[in-house]
file model_5.cif (mmCIF, C-alpha atoms and all ligand atoms)
data_input
loop_
_atom_site.label_atom_id
_atom_site.label_comp_id
_atom_site.auth_asym_id
_atom_site.auth_seq_id
_atom_site.Cartn_x
_atom_site.Cartn_y
_atom_site.Cartn_z
CA MET K 1 17.83 146.38 132.08
CA LYS K 2 17.29 144.91 135.53
CA GLN K 3 14.55 146.25 137.72
CA TYR K 4 15.63 147.18 141.23
CA PRO K 5 13.18 145.45 143.60
CA TYR K 6 13.09 148.10 146.36
CA THR K 7 11.58 151.56 146.45
CA ILE K 8 13.10 154.30 148.59
CA SER K 9 10.41 154.00 151.28
CA ASN K 10 10.90 150.21 151.27
CA LEU K 11 14.59 150.74 151.92
CA LYS K 12 13.89 153.08 154.81
CA THR K 13 11.64 150.47 156.43
CA LEU K 14 14.15 147.71 155.83
CA LYS K 15 16.86 149.89 157.35
CA GLU K 16 14.79 150.39 160.49
CA LYS K 17 13.95 146.68 160.68
CA THR K 18 17.65 145.91 160.49
CA ALA K 19 18.37 148.46 163.20
CA ILE K 20 15.74 146.86 165.49
CA PHE K 21 17.23 143.44 164.85
CA LEU K 22 20.76 144.64 165.61
CA LEU K 23 19.72 146.54 168.76
CA ASP K 24 17.89 143.46 170.05
CA TYR K 25 20.76 141.24 169.13
CA PHE K 26 23.51 143.32 170.71
CA PHE K 27 21.39 143.73 173.84
CA LYS K 28 21.07 139.94 174.00
CA ILE K 29 24.83 139.59 173.61
CA PHE K 30 25.38 142.21 176.32
CA LYS K 31 23.05 140.36 178.70
CA SER K 32 24.70 137.00 177.96
CA GLN K 33 28.23 138.21 178.67
CA GLY K 34 30.25 135.55 180.45
CA LYS K 35 27.43 132.98 180.30
CA SER K 36 28.71 130.96 177.33
CA LYS K 37 30.44 127.81 178.52
CA LEU K 38 32.76 125.08 177.42
CA TYR K 39 31.74 121.53 178.28
CA LYS K 40 32.61 117.99 177.38
CA LYS K 41 30.23 115.48 175.85
CA GLN K 42 31.71 112.03 175.39
CA LYS K 43 34.96 112.71 173.57
CA TYR K 44 34.01 116.09 172.16
CA LEU K 45 34.53 119.55 173.50
CA LEU K 46 31.45 121.65 172.90
CA TYR K 47 30.72 125.29 173.47
CA HIS K 48 27.30 126.65 174.37
CA LEU K 49 26.87 130.08 172.77
CA VAL K 50 24.16 131.63 174.93
CA SER K 51 23.17 134.58 172.73
CA LEU K 52 22.80 132.35 169.67
CA ASP K 53 21.32 129.54 171.76
CA GLN K 54 23.47 127.11 169.83
CA VAL K 55 25.92 124.44 170.79
CA VAL K 56 28.93 124.25 168.51
CA ASP K 57 32.02 122.09 168.34
CA VAL K 58 34.87 123.99 169.91
CA LYS K 59 36.70 123.70 166.58
CA CYS K 60 34.29 126.31 165.17
CA LEU K 61 35.76 128.89 167.54
CA PRO K 62 39.18 130.57 167.36
CA THR K 63 42.10 128.29 168.29
CA GLY K 64 42.43 129.81 171.77
CA PHE K 65 39.25 128.02 172.88
CA SER K 66 40.77 124.63 172.07
CA THR K 67 43.87 125.23 174.18
CA SER K 68 44.23 124.35 177.85
CA PHE K 69 44.39 128.10 178.51
CA LEU K 70 41.08 129.72 177.56
CA PRO K 71 41.31 133.38 176.52
CA PHE K 72 40.20 135.87 179.17
CA THR K 73 37.79 138.56 178.09
CA ASN K 74 39.57 141.70 179.23
CA THR K 75 42.91 140.75 180.71
CA CYS K 76 46.28 140.06 179.14
CA ASP K 77 46.91 136.33 178.68
CA TYR K 78 50.54 136.79 179.67
CA CYS K 79 50.66 139.09 182.71
CA TYR K 80 46.92 138.84 183.67
CA ASN K 81 46.54 142.59 184.10
CA ILE K 82 43.74 144.58 182.45
CA LEU K 83 44.28 144.72 178.70
CA ASN K 84 44.36 148.43 177.96
CA GLU K 85 47.27 148.86 175.57
CA GLY K 86 47.23 145.77 173.46
CA GLU K 87 45.44 143.60 170.99
CA VAL K 88 43.36 140.45 170.78
CA LEU K 89 44.86 138.07 168.23
CA THR K 90 42.88 135.96 165.78
CA CYS K 91 43.40 132.98 168.08
CA GLY K 92 41.34 134.77 170.74
CA HIS K 93 44.19 135.39 173.18
CA GLY K 94 44.99 139.00 173.96
CA TYR K 95 48.30 140.56 174.96
CA HIS K 96 49.75 143.93 175.86
CA TYR K 97 52.10 145.16 173.15
CA LYS K 98 55.03 144.88 175.55
CA CYS K 99 54.01 141.35 176.65
CA TYR K 100 53.63 140.21 173.05
CA ASP K 101 57.07 141.64 172.45
CA LYS K 102 58.44 139.47 175.30
CA LEU K 103 56.82 136.42 173.68
CA TYR K 104 58.70 137.16 170.44
CA TYR K 105 55.40 137.82 168.66
CA SER K 106 53.88 134.39 169.06
CA CYS K 107 51.12 133.00 171.22
CA ASN K 108 52.65 130.35 173.48
CA HIS K 109 49.32 128.89 174.58
CA CYS K 110 48.35 128.17 170.97
CA LYS K 111 51.85 127.04 170.04
CA GLU K 112 51.65 124.40 172.80
CA TYR K 113 48.27 123.25 171.50
CA TYR K 114 49.58 122.88 167.93
CA LYS K 115 52.73 121.10 169.14
CA LYS K 116 50.67 118.56 171.09
CA GLY K 117 48.38 118.04 168.09
CA ILE K 118 51.28 117.54 165.70
CA ASN K 119 52.97 115.12 168.13
CA TYR K 120 49.76 113.12 168.47
CA ASN K 121 49.19 112.94 164.72
CA VAL K 122 52.78 111.92 164.03
CA LYS K 123 52.56 109.21 166.73
CA MET K 124 49.33 107.87 165.21
CA PHE K 125 50.89 107.92 161.76
CA ILE K 126 53.97 106.01 162.96
CA LYS K 127 51.69 103.50 164.72
CA CYS K 128 49.83 102.93 161.44
CA LEU K 129 53.11 102.41 159.59
CA GLU K 130 54.38 99.97 162.24
CA LYS K 131 51.19 97.94 162.09
CA GLY K 132 51.59 97.82 158.35
CA LEU K 133 47.86 98.14 157.94
CA ASN K 134 46.32 100.38 155.41
CA VAL K 135 43.31 101.01 157.61
CA LEU K 136 42.20 103.91 159.74
CA THR K 137 42.44 103.63 163.51
CA ASN K 138 39.36 103.86 165.69
CA GLU K 139 40.18 107.40 166.70
CA LYS K 140 40.12 108.53 163.12
CA LEU K 141 36.95 106.65 162.24
CA GLN K 142 34.74 108.14 164.90
CA ASP K 143 32.16 110.26 163.25
CA LYS K 144 31.06 113.49 164.74
CA GLU K 145 27.42 114.16 165.30
CA GLU K 146 26.43 117.02 163.10
CA SER K 147 25.02 120.08 164.75
CA THR K 148 22.05 121.16 162.74
CA PRO K 149 21.63 124.91 162.63
CA THR K 150 18.01 125.89 163.00
CA ALA K 151 17.86 128.90 160.78
CA ASP K 152 14.64 130.80 160.62
CA ASP K 153 13.87 130.62 156.92
CA SER K 154 10.67 132.61 156.90
CA ASP K 155 10.30 134.66 153.78
CA ASP K 156 10.61 138.31 154.72
CA GLN K 157 9.11 139.62 151.51
CA THR K 158 5.71 138.04 152.15
CA GLU K 159 5.29 139.37 155.66
CA LEU K 160 6.56 142.87 155.29
CA GLU K 161 5.05 144.70 158.22
CA SER K 162 3.46 148.06 157.68
CA ILE K 163 5.93 150.93 157.55
CA SER K 164 4.51 152.71 160.59
CA GLU K 165 4.61 149.55 162.70
CA VAL K 166 8.29 149.07 161.97
CA HIS K 167 8.99 152.71 162.62
CA ASN K 168 7.20 152.56 166.01
CA ASN K 169 9.13 149.46 166.99
CA PHE K 170 12.34 151.18 165.98
CA VAL K 171 11.59 154.26 168.07
CA ASN K 172 10.57 152.09 171.05
CA ALA K 173 13.75 150.06 170.76
CA LEU K 174 15.87 153.21 170.69
CA GLU K 175 14.07 154.61 173.73
CA ALA K 176 14.51 151.34 175.60
CA MET K 177 18.25 151.47 174.92
CA SER K 178 18.66 155.01 176.22
CA CYS K 179 17.19 154.33 179.68
ZN ZN K 201 50.42 141.80 179.60
ZN ZN K 202 46.52 132.02 171.25
#
call {"tool": "encode", "arguments": {"input": "model_5.cif", "output": "structure tokens"}}
result
Amino acid sequence: MKQYPYTISNLKTLKEKTAIFLLDYFFKIFKSQGKSKLYKKQKYLLYHLVSLDQVVDVKCLPTGFSTSFLPFTNTCDYCYNILNEGEVLTCGHGYHYKCYDKLYYSCNHCKEYYKKGINYNVKMFIKCLEKGLNVLTNEKLQDKEESTPTADDSDDQTELESISEVHNNFVNALEAMSC
């Protein structure tokens, strides 16, 4: 028999702590809307995620962010009108249903990006074959600098705040949201 590590009152406190975290976090995201930016460092395209305060390689984001046509937040990426009746695809681009229909259900911005990438890779491959060398080209050898995530690894169990403190914070956070 395994012993369940949490009591019911523990769970209630943990639930409120989670709620405080999420409220804070979504508020931060709300405040940082439109502030995240794409920039270039040497050969690499990087993206500064303001709410996470992290810089990531653009490859970590949906494909749309790697294309020459960055996804807009609330407009259609085909007709540029407000996106009311439509969907945002996994690539990050969003289209009205009727616009997506006109595109024959594919995202042209991303298709262009993939085509260019495939062309480039094929060209490099042919170049390698023509040279007759079984070595990697400089472009392929370049190593990326690793972004080191700075996760806060503090052990929550050891610093469990008192139940009332968490509850007060939770109530304060809720009140702050409503005004
Ligand atoms: Zn549209
Ligand atoms: Zn796309």
call {"tool": "residues_near_ligand", "arguments": {"input": "model_5.cif", "ligand": "ligand ZN 201 (chain K)", "cutoff": "9 Å", "atoms": "all atoms listed in the file", "output": "list in words"}}
result
Thr75, Cys76, Asp77, Tyr78, Cys79, Tyr80, Asn81, Ile82, Leu83, Glu85, Gly86, Gly94, Tyr95, His96, Tyr97, Lys98, Cys99 and Tyr100 of chain K
call {"tool": "residues_near_ligand", "arguments": {"input": "model_5.cif", "ligand": "ligand ZN 202 (chain K)", "cutoff": "6 Å", "atoms": "all atoms listed in the file", "output": "ChimeraX atom specification"}}
result
/K:64,91-93,107,109-110
call {"tool": "write_last_selection", "arguments": {"input": "model_5.cif", "atoms": "C-alpha atoms", "output": "PDB file, keeping the file's coordinate frame"}}
result
ATOM      1  CA  GLY K  64      42.430 129.810 171.770  1.00  0.00           C
ATOM      2  CA  CYS K  91      43.400 132.980 168.080  1.00  0.00           C
ATOM      3  CA  GLY K  92      41.340 134.770 170.740  1.00  0.00           C
ATOM      4  CA  HIS K  93      44.190 135.390 173.180  1.00  0.00           C
ATOM      5  CA  CYS K 107      51.120 133.000 171.220  1.00  0.00           C
ATOM      6  CA  HIS K 109      49.320 128.890 174.580  1.00  0.00           C
ATOM      7  CA  CYS K 110      48.350 128.170 170.970  1.00  0.00           C
TER       8      CYS K 110
END
call {"tool": "atom_distance", "arguments": {"input": "model_5.cif", "atom1": "CA of Lys131 in chain K", "atom2": "CA of Gly117 in chain K"}}
result
21.2 Å
call {"tool": "residues_near_point", "arguments": {"input": "model_5.cif", "point": "(16.1, 149.3, 170.6)", "cutoff": "10 Å", "atoms": "only C-alpha atoms", "output": "ChimeraX atom specification"}}
result
/K:19-27,169-178
call {"tool": "atom_distance", "arguments": {"input": "model_5.cif", "atom1": "CA of Leu89 in chain K", "atom2": "CA of Ser106 in chain K"}}
result
9.8 Å
call {"tool": "atom_distance", "arguments": {"input": "model_5.cif", "atom1": "CA of Asp57 in chain K", "atom2": "CA of Leu103 in chain K"}}
result
29.1 Å
call {"tool": "closest_residue", "arguments": {"input": "model_5.cif", "among": "K:Leu14, K:Val55, K:Val50, K:Leu45", "to": "Thr67 in chain K", "atoms": "all atoms listed in the file"}}
result
K:Leu45
call {"tool": "closest_residue", "arguments": {"input": "model_5.cif", "among": "K:Ser36, K:Gln54, K:Asn84, K:Asn108", "to": "Phe69 in chain K", "atoms": "all atoms listed in the file"}}
result
K:Asn108
call {"tool": "closest_residue", "arguments": {"input": "model_5.cif", "among": "K:Ser32, K:Pro62, K:Thr7, K:Val166", "to": "Leu49 in chain K", "atoms": "all atoms listed in the file"}}
result
K:Ser32
call {"tool": "closest_residue", "arguments": {"input": "model_5.cif", "among": "K:Ser51, K:Lys43, K:Lys2, K:Thr18", "to": "Lys31 in chain K", "atoms": "all atoms listed in the file"}}
result
K:Ser51
call {"tool": "closest_residue", "arguments": {"input": "model_5.cif", "among": "K:Asn74, K:His167, K:His48, K:Lys28", "to": "Cys60 in chain K", "atoms": "only C-alpha atoms"}}
result
K:His48
